[in-house]
$ cat run-v7.cif   # mmCIF, C-alpha atoms
data_final
#
loop_
_atom_site.label_atom_id
_atom_site.label_comp_id
_atom_site.auth_asym_id
_atom_site.auth_seq_id
_atom_site.Cartn_x
_atom_site.Cartn_y
_atom_site.Cartn_z
CA MET U 201 22.28 -20.59 12.00
CA ALA U 202 18.89 -22.22 12.45
CA THR U 203 18.69 -25.83 13.55
CA SER U 204 15.81 -28.28 13.24
CA HIS U 205 13.03 -27.99 15.81
CA PRO U 206 10.54 -30.86 15.47
CA HIS U 207 7.97 -29.31 17.78
CA PRO U 208 7.16 -25.71 18.81
CA GLU U 209 7.99 -24.93 22.41
CA ASP U 210 5.74 -23.18 24.93
CA PHE U 211 2.72 -23.26 22.59
CA THR U 212 -0.25 -25.60 22.53
CA GLU U 213 -1.30 -27.44 19.39
CA HIS U 214 -4.43 -25.29 19.23
CA GLU U 215 -2.34 -22.11 19.24
CA VAL U 216 -0.14 -23.41 16.44
CA LEU U 217 -3.20 -24.52 14.47
CA GLY U 218 -4.87 -21.14 15.02
CA PHE U 219 -1.79 -19.37 13.72
CA GLY U 220 -1.84 -21.57 10.64
CA ILE U 221 -5.50 -20.80 9.98
CA VAL U 222 -4.92 -17.05 10.26
CA MET U 223 -1.88 -17.24 7.96
CA MET U 224 -3.79 -19.31 5.42
CA ALA U 225 -6.78 -16.94 5.42
CA GLU U 226 -4.58 -13.85 5.01
CA ALA U 227 -2.52 -15.55 2.30
CA LEU U 228 -5.59 -16.62 0.31
CA LEU U 229 -7.25 -13.21 0.53
CA GLY U 230 -4.07 -11.33 -0.25
CA PHE U 231 -3.12 -13.61 -3.11
CA CYS U 232 -6.56 -13.32 -4.71
CA LEU U 233 -6.73 -9.51 -4.43
CA ASN U 234 -3.17 -8.91 -5.55
CA GLY U 235 -3.42 -11.54 -8.27
CA LEU U 236 -6.48 -9.70 -9.59
CA THR U 237 -4.50 -6.45 -9.50
CA ILE U 238 -1.66 -8.02 -11.49
CA LEU U 239 -3.90 -9.68 -14.07
CA SER U 240 -5.93 -6.51 -14.59
CA PHE U 241 -2.77 -4.49 -15.23
CA CYS U 242 -1.57 -7.07 -17.77
CA LYS U 243 -4.90 -7.46 -19.56
CA VAL U 244 -6.38 -3.94 -19.55
CA LYS U 245 -4.45 -1.54 -21.78
CA GLU U 246 -5.85 1.57 -20.09
CA LEU U 247 -4.24 0.55 -16.82
CA ARG U 248 -0.74 0.22 -18.23
CA THR U 249 0.55 3.64 -17.16
CA PRO U 250 3.78 4.48 -15.30
CA GLY U 251 1.93 5.30 -12.09
CA ASN U 252 -0.08 2.10 -12.17
CA PHE U 253 3.10 0.12 -12.83
CA LEU U 254 4.14 1.05 -9.29
CA VAL U 255 0.86 -0.39 -8.00
CA PHE U 256 1.51 -3.51 -10.11
CA ASN U 257 4.96 -3.85 -8.54
CA LEU U 258 3.49 -3.46 -5.06
CA ALA U 259 0.99 -6.24 -5.82
CA LEU U 260 3.80 -8.43 -7.14
CA SER U 261 5.81 -8.11 -3.93
CA ASP U 262 2.70 -8.71 -1.84
CA CYS U 263 2.04 -11.93 -3.73
CA GLY U 264 5.53 -12.98 -2.62
CA ILE U 265 4.53 -12.29 0.98
CA CYS U 266 1.45 -14.46 0.46
CA VAL U 267 3.59 -17.35 -0.82
CA ASN U 268 5.69 -17.03 2.32
CA ALA U 269 2.53 -17.10 4.45
CA PHE U 270 1.27 -20.21 2.64
CA ILE U 271 4.44 -22.04 3.63
CA ALA U 272 4.12 -20.86 7.24
CA ALA U 273 0.48 -22.00 7.32
CA PHE U 274 1.33 -25.44 5.92
CA SER U 275 4.09 -25.90 8.51
CA SER U 276 1.71 -24.85 11.27
CA PHE U 277 -0.80 -27.47 10.17
CA LEU U 278 2.02 -30.05 10.38
CA ARG U 279 2.96 -28.67 13.84
CA TYR U 280 6.64 -28.48 12.85
CA TRP U 281 9.04 -27.07 10.25
CA PRO U 282 9.64 -29.80 7.65
CA TYR U 283 12.19 -28.08 5.40
CA GLY U 284 15.32 -28.15 7.54
CA SER U 285 17.89 -25.46 8.27
CA ASP U 286 18.53 -24.53 4.64
CA GLY U 287 14.81 -24.24 4.02
CA CYS U 288 14.55 -21.91 7.01
CA GLN U 289 17.22 -19.63 5.53
CA ILE U 290 15.48 -19.55 2.16
CA HIS U 291 12.09 -18.92 3.74
CA GLY U 292 13.47 -16.11 5.87
CA PHE U 293 15.24 -14.51 2.91
CA GLN U 294 12.23 -14.73 0.59
CA GLY U 295 9.84 -13.34 3.19
CA PHE U 296 12.16 -10.49 4.17
CA LEU U 297 12.90 -9.61 0.53
CA THR U 298 9.24 -9.32 -0.43
CA ALA U 299 8.30 -7.52 2.79
CA LEU U 300 10.99 -4.86 2.39
CA THR U 301 10.10 -4.48 -1.29
CA SER U 302 6.44 -4.05 -0.37
CA ILE U 303 7.22 -1.27 2.11
CA SER U 304 9.45 0.60 -0.33
CA SER U 305 6.92 0.08 -3.15
CA ALA U 306 4.19 1.62 -1.02
CA ALA U 307 6.48 4.62 -0.48
CA ALA U 308 7.10 4.81 -4.25
CA VAL U 309 3.34 4.87 -4.92
CA ALA U 310 2.94 7.65 -2.33
CA TRP U 311 5.79 9.62 -3.93
CA ASP U 312 4.20 9.24 -7.37
CA ARG U 313 0.78 10.37 -6.20
CA TYR U 314 2.27 13.34 -4.37
CA HIS U 315 3.91 14.58 -7.57
CA HIS U 316 0.81 13.82 -9.59
CA TYR U 317 -1.52 15.86 -7.39
CA CYS U 318 0.72 18.46 -5.78
CA SER U 319 3.27 19.30 -8.46
CA ARG U 320 1.20 18.15 -11.47
CA CYS U 321 4.17 16.17 -12.79
CA LYS U 322 3.30 12.96 -14.61
CA SER U 323 5.53 9.94 -14.10
CA GLN U 324 7.73 8.80 -16.95
CA TRP U 325 8.37 5.17 -17.74
CA SER U 326 12.13 5.58 -17.47
CA SER U 327 11.98 7.02 -13.94
CA VAL U 328 9.39 4.50 -12.76
CA ILE U 329 11.32 1.48 -14.08
CA SER U 330 14.51 2.80 -12.49
CA MET U 331 12.66 3.22 -9.21
CA VAL U 332 11.30 -0.34 -9.31
CA VAL U 333 14.72 -1.81 -10.08
CA PHE U 334 16.24 0.19 -7.22
CA VAL U 335 13.54 -0.98 -4.79
CA TRP U 336 14.20 -4.66 -5.55
CA VAL U 337 17.99 -4.35 -5.52
CA PHE U 338 17.96 -2.34 -2.29
CA ALA U 339 15.66 -4.87 -0.61
CA ALA U 340 17.80 -7.75 -1.91
CA PHE U 341 20.91 -6.18 -0.37
CA TRP U 342 19.41 -6.00 3.12
CA SER U 343 17.80 -9.44 2.77
CA VAL U 344 20.96 -11.24 1.70
CA MET U 345 23.10 -9.78 4.50
CA PRO U 346 21.85 -12.29 7.15
CA LEU U 347 22.87 -15.12 4.82
CA LEU U 348 26.38 -13.65 4.77
CA GLY U 349 26.65 -13.24 8.53
CA TRP U 350 25.40 -9.69 9.13
CA GLY U 351 22.19 -10.44 11.04
CA GLU U 352 20.64 -13.90 11.13
CA TYR U 353 17.52 -15.76 10.02
CA ASP U 354 16.03 -18.15 12.56
CA TYR U 355 12.76 -19.74 13.61
CA GLU U 356 9.94 -17.62 14.96
CA PRO U 357 8.68 -18.58 18.46
CA LEU U 358 6.17 -21.07 17.02
CA ARG U 359 9.03 -22.67 15.07
CA THR U 360 6.83 -23.18 12.03
CA CYS U 361 8.26 -20.32 9.97
CA CYS U 362 11.46 -18.30 9.75
CA THR U 363 12.35 -14.62 9.76
CA LEU U 364 15.03 -12.25 10.95
CA ASP U 365 16.16 -13.12 14.47
CA TYR U 366 15.25 -10.09 16.60
CA THR U 367 16.37 -11.66 19.89
CA LYS U 368 20.07 -11.03 19.42
CA GLY U 369 21.68 -8.19 21.36
CA ASP U 370 25.29 -8.34 20.22
CA ARG U 371 27.20 -5.79 18.18
CA ASN U 372 26.60 -7.63 14.91
CA TYR U 373 22.84 -7.49 15.47
CA VAL U 374 22.77 -3.81 16.52
CA THR U 375 24.91 -2.60 13.61
CA TYR U 376 22.57 -4.39 11.21
CA LEU U 377 19.25 -3.50 12.80
CA ILE U 378 19.75 0.27 13.17
CA PRO U 379 20.49 1.07 9.50
CA LEU U 380 17.93 -1.55 8.43
CA ALA U 381 15.22 0.16 10.44
CA LEU U 382 16.25 3.63 9.27
CA PHE U 383 16.39 2.93 5.53
CA ASN U 384 13.60 0.36 5.25
CA PHE U 385 11.03 1.49 7.82
CA VAL U 386 11.60 5.05 9.07
CA ILE U 387 12.35 6.72 5.74
CA PRO U 388 9.63 4.93 3.71
CA GLY U 389 7.14 5.60 6.52
CA PHE U 390 8.09 9.28 6.52
CA ILE U 391 7.62 9.47 2.74
CA ILE U 392 4.20 7.82 2.93
CA LEU U 393 3.06 10.02 5.81
CA THR U 394 4.21 13.34 4.36
CA ALA U 395 3.03 12.52 0.83
CA TYR U 396 -0.54 11.70 1.81
CA GLN U 397 -0.71 14.53 4.31
CA SER U 398 0.32 16.93 1.53
CA ILE U 399 -2.28 15.50 -0.83
CA GLU U 400 -4.99 15.71 1.81
CA HIS U 401 -3.99 19.30 2.60
CA LYS U 402 -4.22 20.23 -1.07
CA PHE U 403 -7.70 18.71 -1.46
CA ARG U 404 -8.79 20.27 1.81
CA LYS U 405 -7.81 23.71 0.51
CA THR U 406 -9.83 23.15 -2.66
CA GLY U 407 -12.75 21.58 -0.81
CA GLN U 408 -12.24 18.25 -2.56
CA ILE U 409 -11.19 15.82 0.16
CA ARG U 410 -10.94 12.44 -1.51
CA ILE U 411 -7.98 10.80 0.19
CA PRO U 412 -8.11 9.81 3.86
CA ALA U 413 -5.00 10.49 5.93
CA VAL U 414 -4.35 6.79 6.48
CA ILE U 415 -1.05 4.97 6.24
CA ALA U 416 -1.49 1.57 4.67
CA LYS U 417 -0.32 -1.39 6.67
CA THR U 418 2.05 -3.73 4.92
CA SER U 419 -0.54 -6.50 4.89
CA PRO U 420 -0.93 -7.71 1.29
CA ALA U 421 -4.73 -7.70 1.47
CA VAL U 422 -4.82 -4.18 2.93
CA ASN U 423 -2.40 -2.91 0.29
CA ALA U 424 -4.56 -4.32 -2.50
CA LEU U 425 -7.68 -2.73 -1.05
CA ILE U 426 -6.08 0.69 -0.64
CA TYR U 427 -3.77 1.01 -3.63
CA ALA U 428 -5.69 -0.96 -6.27
CA LEU U 429 -9.37 -1.23 -5.34
CA GLY U 430 -9.15 2.16 -3.60
CA ASN U 431 -7.94 3.78 -6.82
CA GLU U 432 -10.79 4.82 -9.11
CA ASN U 433 -8.77 4.33 -12.26
CA TYR U 434 -7.46 0.91 -11.22
CA ARG U 435 -10.84 -0.15 -9.85
CA GLY U 436 -12.41 0.59 -13.23
CA GLY U 437 -9.75 -1.48 -14.96
CA ILE U 438 -10.38 -4.42 -12.65
CA TRP U 439 -14.10 -4.14 -13.41
CA GLN U 440 -13.33 -4.19 -17.14
CA PHE U 441 -11.12 -7.26 -16.68
CA LEU U 442 -13.83 -9.12 -14.76
CA THR U 443 -16.86 -8.12 -16.85
CA GLY U 444 -15.44 -7.16 -20.25
CA GLN U 445 -17.21 -3.80 -20.05
CA LYS U 446 -15.11 -0.98 -21.50
CA ILE U 447 -14.16 1.70 -19.01
CA GLU U 448 -14.07 5.35 -19.94
CA LYS U 449 -10.65 6.88 -20.44
CA PRO U 450 -9.64 8.41 -17.08
CA GLU U 451 -9.05 12.13 -16.89
CA THR U 452 -5.94 11.66 -14.79
CA ASP U 453 -3.27 9.03 -14.54
CA ASN U 454 -3.71 8.09 -10.93
CA LYS U 455 -7.06 9.37 -9.86
CA THR U 456 -8.03 8.31 -6.37
CA LYS U 457 -11.40 8.22 -4.78
#

$ encode --input "run-v7.cif" --output "structure tokens"
Amino acid sequence: MATSHPHPEDFTEHEVLGFGIVMMAEALLGFCLNGLTILSFCKVKELRTPGNFLVFNLALSDCGICVNAFIAAFSSFLRYWPYGSDGCQIHGFQGFLTALTSISSAAAVAWDRYHHYCSRCKSQWSSVISMVVFVWVFAAFWSVMPLLGWGEYDYEPLRTCCTLDYTKGDRNYVTYLIPLALFNFVIPGFIILTAYQSIEHKFRKTGQIRIPAVIAKTSPAVNALIYALGNENYRGGIWQFLTGQKIEKPETDNKTK
């Protein structure tokens, strides 16, 4: 269990301040881009498709990551964690929940686009909603376990934010970390990699290479740029939301540039 640490150890005030500035910049950029993605989905009728709902859910989880980063930035500016041990547990849980949801949501988007382009199967609302519910419940399960004693949330080295304690080496830590890494990092990463490689291979065969073989980082700002602004259909909807100019009805559900 985390205890109060009034000052970060082994770090200068400039290092702590620098970390806070970086966190604040990333949080502001990510929150703005993902907030725009969310608002566009809600306001532009043409964007409200099953496939784009997965992008909306990804943006929602990334906004949660940005909130977590705002808190970390504020604490860094104070040079200490002001919310106590219980606040550390809540901060760790909230950050881990939204991060795991973001990773799984990115895999869900990749899965949807694979089926859209490679098997020509359009997503149905029932399957997409079930997928989103599963993603949040699955992430909540792994995030709540440290609060119940399987794993542990503690301060990061700067002691101005909290996350899963990766320094433990006991049996409790190992039995939690291995399945956590397998189900929340390895498998989603494999889905993302194979899905976009398959899509790229298909376009390469037809001479229409439109999707780079790039795996999106879990940074909220990067996710928004790739999955929302990098999507021609979604990008047009955002433009309509900002300018009021009607976009043409897209030929496909999830057309990418």

$ closest_atom_pairs --input "run-v7.cif" --of "region 264-326 of chain U" --to "region 353-373 of chain U" --cutoff "7 Å" --atoms "only C-alpha atoms" --output "JSON lines"
{"residue": "U:Ala272", "atom": "CA", "partner": "U:Cys361", "partner_atom": "CA", "distance": 5.0}
{"residue": "U:Ser275", "atom": "CA", "partner": "U:Thr360", "partner_atom": "CA", "distance": 5.2}
{"residue": "U:Ser276", "atom": "CA", "partner": "U:Thr360", "partner_atom": "CA", "distance": 5.4}
{"residue": "U:Arg279", "atom": "CA", "partner": "U:Thr360", "partner_atom": "CA", "distance": 7.0}
{"residue": "U:Tyr280", "atom": "CA", "partner": "U:Thr360", "partner_atom": "CA", "distance": 5.4}
{"residue": "U:Trp281", "atom": "CA", "partner": "U:Thr360", "partner_atom": "CA", "distance": 4.8}
{"residue": "U:Cys288", "atom": "CA", "partner": "U:Cys362", "partner_atom": "CA", "distance": 5.5}
{"residue": "U:Gln289", "atom": "CA", "partner": "U:Tyr353", "partner_atom": "CA", "distance": 5.9}
{"residue": "U:His291", "atom": "CA", "partner": "U:Cys362", "partner_atom": "CA", "distance": 6.1}
{"residue": "U:Gly292", "atom": "CA", "partner": "U:Thr363", "partner_atom": "CA", "distance": 4.3}
{"residue": "U:Phe296", "atom": "CA", "partner": "U:Thr363", "partner_atom": "CA", "distance": 7.0}

$ resolve_selection --input "run-v7.cif" --expression "the PyMOL selection byres ((chain U and resi 221-232) around 6)" --output "ChimeraX atom specification"
/U:218-220,233-235,263,266,269-270,273,420-421

$ closest_residue --input "run-v7.cif" --among "U:Phe293, U:Val386, U:Lys402, U:Thr394" --to "Tyr317 (chain U)" --atoms "all atoms listed in the file"
U:Lys402

$ closest_residue --input "run-v7.cif" --among "U:Gly349, U:Ser327, U:Thr375, U:Arg313" --to "Ile391 (chain U)" --atoms "all atoms listed in the file"
U:Arg313

$ closest_residue --input "run-v7.cif" --among "U:Leu300, U:Val335, U:Leu236, U:Cys318" --to "Ile399 (chain U)" --atoms "all atoms listed in the file"
U:Cys318

$ resolve_selection --input "run-v7.cif" --expression "the PyMOL selection byres ((chain U and resi 248-252) around 9)" --output "list in words"
Phe241, Cys242, Lys243, Val244, Lys245, Glu246, Leu247, Phe253, Leu254, Val255, Phe256, Asn257, Val309, Asp312, Arg313, His316, Lys322, Ser323, Gln324, Trp325, Ser326, Ser327, Val328, Ile329, Ala428, Asn433, Tyr434, Asp453 and Asn454 of chain U

$ closest_residue --input "run-v7.cif" --among "U:Phe383, U:Tyr396, U:Tyr376, U:Phe338" --to "Gly351 (chain U)" --atoms "only C-alpha atoms"
U:Tyr376

$ atom_distance --input "run-v7.cif" --atom1 "CA of Val332 (chain U)" --atom2 "CA of Ala299 (chain U)"
14.4 Å

$ atom_distance --input "run-v7.cif" --atom1 "CA of Tyr314 (chain U)" --atom2 "CA of Ser398 (chain U)"
7.2 Å

$ axis_aligned_box --input "run-v7.cif" --around "region 289-297 of chain U" --padding-each-side "3 Å" --output "AutoDock Vina command-line options"
--center_x 13.5 --center_y -14.6 --center_z 3.2 --size_x 13.4 --size_y 16.0 --size_z 11.3

$ atom_distance --input "run-v7.cif" --atom1 "CA of Leu260 (chain U)" --atom2 "CA of Pro379 (chain U)"
25.4 Å

$ closest_residue --input "run-v7.cif" --among "U:Ser305, U:Val337, U:Asn268, U:Gly436" --to "Gly389 (chain U)" --atoms "only C-alpha atoms"
U:Ser305

$ closest_residue --input "run-v7.cif" --among "U:Ser343, U:Glu213, U:Ile303, U:Leu239" --to "Leu278 (chain U)" --atoms "only C-alpha atoms"
U:Glu213

$ decode --input "run-v7.cif" --residues "region 201-264 of chain U" --atoms "C-alpha atoms" --output "PDB file, in the first residue's frame"
ATOM      1  CA  MET U 201       0.000   0.000   0.000  1.00  0.00           C
ATOM      2  CA  ALA U 202       1.277   3.444  -0.922  1.00  0.00           C
ATOM      3  CA  THR U 203       2.292   5.842   1.812  1.00  0.00           C
ATOM      4  CA  SER U 204       2.685   9.615   1.677  1.00  0.00           C
ATOM      5  CA  HIS U 205       5.908  10.950   0.167  1.00  0.00           C
ATOM      6  CA  PRO U 206       6.146  14.731   0.585  1.00  0.00           C
ATOM      7  CA  HIS U 207       9.100  15.106  -1.771  1.00  0.00           C
ATOM      8  CA  PRO U 208      10.402  13.061  -4.725  1.00  0.00           C
ATOM      9  CA  GLU U 209      13.675  11.303  -4.043  1.00  0.00           C
ATOM     10  CA  ASP U 210      16.746  11.281  -6.299  1.00  0.00           C
ATOM     11  CA  PHE U 211      15.287  13.897  -8.665  1.00  0.00           C
ATOM     12  CA  THR U 212      15.943  17.611  -8.892  1.00  0.00           C
ATOM     13  CA  GLU U 213      13.144  20.159  -8.848  1.00  0.00           C
ATOM     14  CA  HIS U 214      13.867  20.952 -12.490  1.00  0.00           C
ATOM     15  CA  GLU U 215      13.416  17.310 -13.459  1.00  0.00           C
ATOM     16  CA  VAL U 216      10.104  17.108 -11.633  1.00  0.00           C
ATOM     17  CA  LEU U 217       8.972  20.387 -13.199  1.00  0.00           C
ATOM     18  CA  GLY U 218      10.041  19.186 -16.650  1.00  0.00           C
ATOM     19  CA  PHE U 219       8.026  16.012 -16.206  1.00  0.00           C
ATOM     20  CA  GLY U 220       5.010  18.088 -15.240  1.00  0.00           C
ATOM     21  CA  ILE U 221       5.355  20.294 -18.312  1.00  0.00           C
ATOM     22  CA  VAL U 222       5.575  17.277 -20.623  1.00  0.00           C
ATOM     23  CA  MET U 223       2.545  15.643 -18.967  1.00  0.00           C
ATOM     24  CA  MET U 224       0.548  18.856 -19.203  1.00  0.00           C
ATOM     25  CA  ALA U 225       1.398  19.373 -22.884  1.00  0.00           C
ATOM     26  CA  GLU U 226       0.505  15.780 -23.794  1.00  0.00           C
ATOM     27  CA  ALA U 227      -2.693  15.948 -21.747  1.00  0.00           C
ATOM     28  CA  LEU U 228      -3.838  19.205 -23.352  1.00  0.00           C
ATOM     29  CA  LEU U 229      -3.096  18.036 -26.893  1.00  0.00           C
ATOM     30  CA  GLY U 230      -4.626  14.620 -26.356  1.00  0.00           C
ATOM     31  CA  PHE U 231      -7.703  16.000 -24.632  1.00  0.00           C
ATOM     32  CA  CYS U 232      -8.332  18.531 -27.399  1.00  0.00           C
ATOM     33  CA  LEU U 233      -7.909  16.014 -30.248  1.00  0.00           C
ATOM     34  CA  ASN U 234      -9.912  13.265 -28.600  1.00  0.00           C
ATOM     35  CA  GLY U 235     -12.545  15.702 -27.369  1.00  0.00           C
ATOM     36  CA  LEU U 236     -12.954  16.871 -30.969  1.00  0.00           C
ATOM     37  CA  THR U 237     -13.308  13.234 -32.046  1.00  0.00           C
ATOM     38  CA  ILE U 238     -16.013  12.624 -29.440  1.00  0.00           C
ATOM     39  CA  LEU U 239     -17.959  15.805 -30.193  1.00  0.00           C
ATOM     40  CA  SER U 240     -17.843  15.182 -33.942  1.00  0.00           C
ATOM     41  CA  PHE U 241     -19.233  11.675 -33.493  1.00  0.00           C
ATOM     42  CA  CYS U 242     -22.069  13.016 -31.327  1.00  0.00           C
ATOM     43  CA  LYS U 243     -22.925  15.970 -33.563  1.00  0.00           C
ATOM     44  CA  VAL U 244     -22.426  14.625 -37.106  1.00  0.00           C
ATOM     45  CA  LYS U 245     -25.022  12.010 -38.050  1.00  0.00           C
ATOM     46  CA  GLU U 246     -22.942  10.593 -40.907  1.00  0.00           C
ATOM     47  CA  LEU U 247     -20.234   9.571 -38.459  1.00  0.00           C
ATOM     48  CA  ARG U 248     -22.526   7.548 -36.218  1.00  0.00           C
ATOM     49  CA  THR U 249     -21.738   4.126 -37.678  1.00  0.00           C
ATOM     50  CA  PRO U 250     -20.771   0.918 -35.829  1.00  0.00           C
ATOM     51  CA  GLY U 251     -17.168   1.118 -36.998  1.00  0.00           C
ATOM     52  CA  ASN U 252     -16.801   4.743 -35.972  1.00  0.00           C
ATOM     53  CA  PHE U 253     -18.327   3.942 -32.581  1.00  0.00           C
ATOM     54  CA  LEU U 254     -15.168   1.941 -31.884  1.00  0.00           C
ATOM     55  CA  VAL U 255     -13.100   5.037 -32.703  1.00  0.00           C
ATOM     56  CA  PHE U 256     -15.387   7.060 -30.418  1.00  0.00           C
ATOM     57  CA  ASN U 257     -14.791   4.563 -27.609  1.00  0.00           C
ATOM     58  CA  LEU U 258     -11.039   4.735 -28.159  1.00  0.00           C
ATOM     59  CA  ALA U 259     -11.190   8.534 -27.898  1.00  0.00           C
ATOM     60  CA  LEU U 260     -13.265   8.249 -24.728  1.00  0.00           C
ATOM     61  CA  SER U 261     -10.685   6.040 -23.023  1.00  0.00           C
ATOM     62  CA  ASP U 262      -7.871   8.297 -24.191  1.00  0.00           C
ATOM     63  CA  CYS U 263      -9.613  11.288 -22.625  1.00  0.00           C
ATOM     64  CA  GLY U 264      -9.488   9.320 -19.378  1.00  0.00           C
TER      65      GLY U 264
END
